[in-house]
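Novice: Dropping in structure.txt, which is compact mmCIF, C-alpha atoms and all ligand atoms:
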```
# COMPACT_ATOMS: atom_id res chain seq x y z
CA MET X 27 25.95 33.65 30.71
CA ASP X 28 29.58 32.76 31.39
CA ASN X 29 31.70 30.77 28.99
CA HIS X 30 31.61 27.66 31.10
CA SER X 31 27.85 27.29 31.04
CA LYS X 32 27.82 28.16 27.37
CA GLU X 33 30.19 25.29 26.72
CA ILE X 34 28.08 22.88 28.74
CA ARG X 35 24.98 23.96 26.92
CA SER X 36 26.44 23.48 23.47
CA TYR X 37 27.75 20.08 24.58
CA ASN X 38 24.29 19.07 25.76
CA MET X 39 22.77 20.30 22.53
CA SER X 40 25.15 18.24 20.45
CA GLN X 41 24.38 15.16 22.57
CA ILE X 42 20.68 15.68 22.05
CA LYS X 43 21.17 16.18 18.35
CA SER X 44 23.11 12.97 17.86
CA LYS X 45 20.53 11.06 19.88
CA ASP X 46 17.80 12.44 17.62
CA ASN X 47 19.70 11.29 14.58
CA LYS X 48 20.02 7.81 16.01
CA LEU X 49 16.26 7.59 16.47
CA GLU X 50 15.65 8.84 12.94
CA LEU X 51 18.05 6.24 11.63
CA LEU X 52 16.23 3.50 13.54
CA VAL X 53 12.91 4.47 11.98
CA ARG X 54 14.39 4.89 8.50
CA LYS X 55 16.07 1.49 8.63
CA TYR X 56 12.80 -0.12 9.65
CA LEU X 57 10.86 1.58 6.87
CA PHE X 58 13.48 0.66 4.30
CA SER X 59 13.40 -2.99 5.44
CA LYS X 60 9.63 -2.97 4.90
CA GLY X 61 10.07 -1.72 1.35
CA PHE X 62 9.07 1.90 1.94
CA ARG X 63 10.98 4.54 0.05
CA TYR X 64 11.26 7.97 1.58
CA ARG X 65 12.84 11.39 1.48
CA LYS X 66 14.67 12.90 4.43
CA ASN X 67 14.28 16.33 6.02
CA ALA X 68 11.95 17.84 3.45
CA LYS X 69 12.84 21.51 3.76
CA ASN X 70 10.10 22.53 1.34
CA LEU X 71 7.33 21.30 3.68
CA PRO X 72 6.14 23.03 6.87
CA GLY X 73 8.33 22.03 9.83
CA SER X 74 10.77 20.08 7.59
CA PRO X 75 9.40 16.61 8.40
CA ASP X 76 12.12 14.07 9.26
CA ILE X 77 10.74 11.48 6.86
CA VAL X 78 8.48 11.94 3.86
CA LEU X 79 6.73 9.08 2.04
CA PRO X 80 5.41 10.73 -1.12
CA LYS X 81 3.71 7.58 -2.39
CA TYR X 82 1.64 7.38 0.80
CA LYS X 83 1.20 11.14 1.16
CA THR X 84 2.60 10.70 4.67
CA VAL X 85 5.09 12.69 6.71
CA ILE X 86 6.73 11.50 9.91
CA PHE X 87 8.20 13.61 12.69
CA ILE X 88 10.46 11.94 15.21
CA ASN X 89 10.14 14.16 18.24
CA GLY X 90 12.27 14.41 21.34
CA CYS X 91 9.98 14.37 24.38
CA PHE X 92 11.73 17.30 26.01
CA TRP X 93 11.99 19.67 23.05
CA HIS X 94 8.48 19.02 21.83
CA MET X 95 6.79 18.81 25.25
CA HIS X 96 5.33 15.33 25.03
CA GLU X 97 2.22 15.64 27.20
CA GLY X 98 2.18 13.50 30.33
CA CYS X 99 5.53 11.96 29.47
CA GLN X 100 8.12 11.31 32.14
CA TYR X 101 10.87 12.59 29.82
CA SER X 102 9.15 15.90 29.28
CA VAL X 103 10.43 17.60 32.42
CA LYS X 104 11.25 21.26 32.54
CA PRO X 105 14.73 22.10 33.81
CA LYS X 106 14.77 23.49 37.35
CA SER X 107 17.04 26.39 36.46
CA ASN X 108 15.95 29.23 34.18
CA GLU X 109 12.40 27.98 34.41
CA GLU X 110 10.89 31.00 32.74
CA TYR X 111 13.30 30.88 29.82
CA TRP X 112 12.57 27.20 29.19
CA SER X 113 8.80 27.47 29.60
CA GLU X 114 8.69 30.17 26.98
CA LYS X 115 11.07 28.42 24.61
CA LEU X 116 9.33 25.05 24.83
CA LEU X 117 5.86 26.55 24.49
CA ARG X 118 7.04 28.30 21.34
CA ASN X 119 8.27 24.96 19.98
CA LYS X 120 4.92 23.37 20.76
CA GLU X 121 2.97 26.16 19.08
CA ARG X 122 5.17 25.93 16.01
CA ASP X 123 4.68 22.14 15.89
CA ASN X 124 0.91 22.47 16.07
CA LYS X 125 0.85 25.12 13.36
CA ASN X 126 3.05 23.10 11.00
CA GLN X 127 1.00 19.95 11.52
CA GLU X 128 -2.19 21.85 10.84
CA LEU X 129 -0.70 23.25 7.61
CA LEU X 130 0.43 19.81 6.48
CA ARG X 131 -2.98 18.27 7.15
CA ARG X 132 -4.64 21.03 5.18
CA MET X 133 -2.26 20.23 2.31
CA GLY X 134 -3.60 16.67 2.46
CA TRP X 135 -0.69 15.02 4.25
CA ASN X 136 -1.13 12.21 6.72
CA VAL X 137 0.94 13.41 9.73
CA ILE X 138 2.50 10.86 12.08
CA ILE X 139 4.44 11.73 15.23
CA VAL X 140 6.83 9.20 16.68
CA TRP X 141 7.98 10.12 20.18
CA GLU X 142 11.43 9.46 21.53
CA CYS X 143 10.02 7.51 24.51
CA GLU X 144 8.13 5.21 22.14
CA LEU X 145 11.43 4.10 20.68
CA LYS X 146 12.93 2.87 23.95
CA ARG X 147 14.28 -0.66 23.77
CA ASP X 148 11.26 -2.54 25.14
CA LYS X 149 8.69 -0.49 23.22
CA LYS X 150 10.18 0.13 19.84
CA ASP X 151 9.01 -3.07 18.09
CA ILE X 152 5.40 -2.35 19.01
CA ARG X 153 5.72 1.25 17.93
CA LEU X 154 7.31 0.40 14.59
CA ASN X 155 4.58 -2.16 13.81
CA MET X 156 2.01 0.48 14.62
CA LEU X 157 3.81 2.93 12.37
CA TYR X 158 3.56 0.45 9.51
CA ASN X 159 -0.21 0.29 9.99
CA GLN X 160 -0.53 4.05 10.32
CA ILE X 161 1.18 4.54 6.96
CA LYS X 162 -0.95 1.92 5.23
CA GLU X 163 -4.18 3.12 6.83
CA GLY X 164 -3.48 6.68 5.74
CA VAL X 165 -3.59 5.48 2.16
CA ILE X 166 -6.90 3.70 2.63
CA LYS X 167 -8.38 6.79 4.24
CA ASN X 168 -7.32 8.99 1.35
CA ASN X 169 -8.64 6.62 -1.27
CA TYR X 170 -12.21 6.32 0.00
ZN ZN X 201 7.61 10.91 25.60
```
Would you write the structure of this file as structure tokens?
Specialist:
Amino acid sequence: MDNHSKEIRSYNMSQIKSKDNKLELLVRKYLFSKGFRYRKNAKNLPGSPDIVLPKYKTVIFINGCFWHMHEGCQYSVKPKSNEEYWSEKLLRNKERDNKNQELLRRMGWNVIIVWECELKRDKKDIRLNMLYNQIKEGVIKNNY
């Protein structure tokens, strides 16, 4: 890889990262406004969930559609160049996600995934309302 493409790649990565943070912030603000209290980036749990709600035994991952291969999603498109490299890398991400979610569920956590595309302007209100119900329902499920 030459320096130029390395630079472009690290630029793209930083763009993606800041976009992710914006989505996390959106979800956190919503939860806070609804009276939920949470922890961020729990490093002690499998996959370091983005948001942890200990009271509700719930973890939330806010996943980028590309990096986490959102199935059937228009934003989950493999890059045309270096196809093999990306296929392998993204499949590894997916496998790791599945394994971490399985571990969390076995530990008794309610696991919620919020996808990047679900937080687009015209969809985000619906998604956040649904999230509210998912958190509350998780509690009911665990209690009975
Ligand atoms: Zn998606």
Novice: Compute the set of protein, DNA and RNA residues whose minimum atom distance to ligand ZN 201 (chain X) is at most 6 Å, using only C-alpha atoms and all ligand atoms, and state it as a PDB file with C-alpha atoms, in the coordinates of the input.
Specialist:
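Output below, filename selection-v1.pdb:
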```
ATOM      1  CA  CYS X  91       9.980  14.370  24.380  1.00  0.00           C
ATOM      2  CA  HIS X  96       5.330  15.330  25.030  1.00  0.00           C
ATOM      3  CA  CYS X  99       5.530  11.960  29.470  1.00  0.00           C
ATOM      4  CA  TYR X 101      10.870  12.590  29.820  1.00  0.00           C
ATOM      5  CA  TRP X 141       7.980  10.120  20.180  1.00  0.00           C
ATOM      6  CA  GLU X 142      11.430   9.460  21.530  1.00  0.00           C
ATOM      7  CA  CYS X 143      10.020   7.510  24.510  1.00  0.00           C
TER       8      CYS X 143
END
```
Novice: Measure the distance from atom CA of X:Glu128 to atom CA of X:Ser113 in Å and round it to one decimal.
Specialist: 22.5 Å
Novice: In the coordinates of the file, take the point (9.1, 15.1, 24.6) and a cut-off of 12 Å; then, counting all atoms listed in the file, name each qualifying protein, DNA or RNA residue as a PyMOL selection string.
Specialist: chain X and resi 42+46+88-104+116-117+119-120+139-145
Novice: Please report the interatomic distance between atom CA of X:Lys83 and atom CA of X:Val137 in Å with one decimal.
Specialist: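 Straight-line distance from atom CA of X:Lys83 to atom CA of X:Val137 works out to 8.9 Å.
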Novice: List as a PyMOL selection string: which residues have an atom within 9 Å of (8.6, 7.5, 6.0), counting all atoms listed in the file?
Specialist: chain X and resi 53-54+57-58+62-66+76-80+82+84-86+161
Novice: Could you check the closest approach to X:Arg153 for each of X:Leu51, X:Arg122, X:Tyr56, X:Pro105 and tell me which residue wins, using only C-alpha atoms?
Specialist: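 Of all the options, X:Tyr56 lies closest to X:Arg153.
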Novice: Quick one: what's the axis-aligned box for stretch 101-105 of chain X, all listed atoms, 8 Å on every side, centre and edges in Å to one decimal, as lines of an AutoDock Vina configuration file?
Specialist:
```
center_x = 11.9
center_y = 17.3
center_z = 31.5
size_x = 21.6
size_y = 25.5
size_z = 20.5
```
Novice: Go ahead and compute the interatomic distance for atom CA of X:Arg132 and atom CA of X:Leu52, in Å to one decimal.
Specialist: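 Answer for the atom CA of X:Arg132 to atom CA of X:Leu52 separation: 28.5 Å.
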Novice: Calculated over all atoms listed in the file, which of the candidates X:Leu157, X:Ile138, X:Asp148, X:Phe87 has the smallest distance to X:Gly73?
Specialist: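 Closest residue, counting all atoms listed in the file: X:Phe87.
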Novice: Model the absent atoms of stretch 62-75 of chain X so that N, CA and C atoms are present, and write the result as a PDB file, in the coordinates of the input.
Specialist:
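The result, written out as rebuild-v9.pdb:
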```pdb
ATOM      1  N   PHE X  62       9.477   0.501   2.139  1.00  0.00           N
ATOM      2  CA  PHE X  62       9.070   1.900   1.940  1.00  0.00           C
ATOM      3  C   PHE X  62      10.242   2.706   1.401  1.00  0.00           C
ATOM      4  N   ARG X  63       9.951   3.620   0.517  1.00  0.00           N
ATOM      5  CA  ARG X  63      10.980   4.540   0.050  1.00  0.00           C
ATOM      6  C   ARG X  63      10.594   5.946   0.471  1.00  0.00           C
ATOM      7  N   TYR X  64      11.581   6.696   0.943  1.00  0.00           N
ATOM      8  CA  TYR X  64      11.260   7.970   1.580  1.00  0.00           C
ATOM      9  C   TYR X  64      12.272   9.046   1.208  1.00  0.00           C
ATOM     10  N   ARG X  65      11.892  10.273   1.544  1.00  0.00           N
ATOM     11  CA  ARG X  65      12.840  11.390   1.480  1.00  0.00           C
ATOM     12  C   ARG X  65      13.107  11.858   2.903  1.00  0.00           C
ATOM     13  N   LYS X  66      14.294  12.426   3.093  1.00  0.00           N
ATOM     14  CA  LYS X  66      14.670  12.900   4.430  1.00  0.00           C
ATOM     15  C   LYS X  66      14.538  14.415   4.507  1.00  0.00           C
ATOM     16  N   ASN X  67      14.253  14.893   5.717  1.00  0.00           N
ATOM     17  CA  ASN X  67      14.280  16.330   6.020  1.00  0.00           C
ATOM     18  C   ASN X  67      13.791  17.204   4.870  1.00  0.00           C
ATOM     19  N   ALA X  68      12.525  17.069   4.551  1.00  0.00           N
ATOM     20  CA  ALA X  68      11.950  17.840   3.450  1.00  0.00           C
ATOM     21  C   ALA X  68      11.825  19.309   3.825  1.00  0.00           C
ATOM     22  N   LYS X  69      12.792  20.089   3.377  1.00  0.00           N
ATOM     23  CA  LYS X  69      12.840  21.510   3.760  1.00  0.00           C
ATOM     24  C   LYS X  69      11.722  22.321   3.111  1.00  0.00           C
ATOM     25  N   ASN X  70      11.144  21.787   2.034  1.00  0.00           N
ATOM     26  CA  ASN X  70      10.100  22.530   1.340  1.00  0.00           C
ATOM     27  C   ASN X  70       8.723  22.361   1.985  1.00  0.00           C
ATOM     28  N   LEU X  71       8.617  21.503   2.996  1.00  0.00           N
ATOM     29  CA  LEU X  71       7.330  21.300   3.680  1.00  0.00           C
ATOM     30  C   LEU X  71       7.357  21.965   5.057  1.00  0.00           C
ATOM     31  N   PRO X  72       6.180  22.396   5.549  1.00  0.00           N
ATOM     32  CA  PRO X  72       6.140  23.030   6.870  1.00  0.00           C
ATOM     33  C   PRO X  72       6.771  22.151   7.949  1.00  0.00           C
ATOM     34  N   GLY X  73       7.678  22.744   8.726  1.00  0.00           N
ATOM     35  CA  GLY X  73       8.330  22.030   9.830  1.00  0.00           C
ATOM     36  C   GLY X  73       9.418  21.058   9.401  1.00  0.00           C
ATOM     37  N   SER X  74       9.759  21.029   8.110  1.00  0.00           N
ATOM     38  CA  SER X  74      10.770  20.080   7.590  1.00  0.00           C
ATOM     39  C   SER X  74      10.630  18.685   8.193  1.00  0.00           C
ATOM     40  N   PRO X  75       9.602  17.951   7.814  1.00  0.00           N
ATOM     41  CA  PRO X  75       9.400  16.610   8.400  1.00  0.00           C
ATOM     42  C   PRO X  75      10.656  15.741   8.253  1.00  0.00           C
TER      43      PRO X  75
END
```
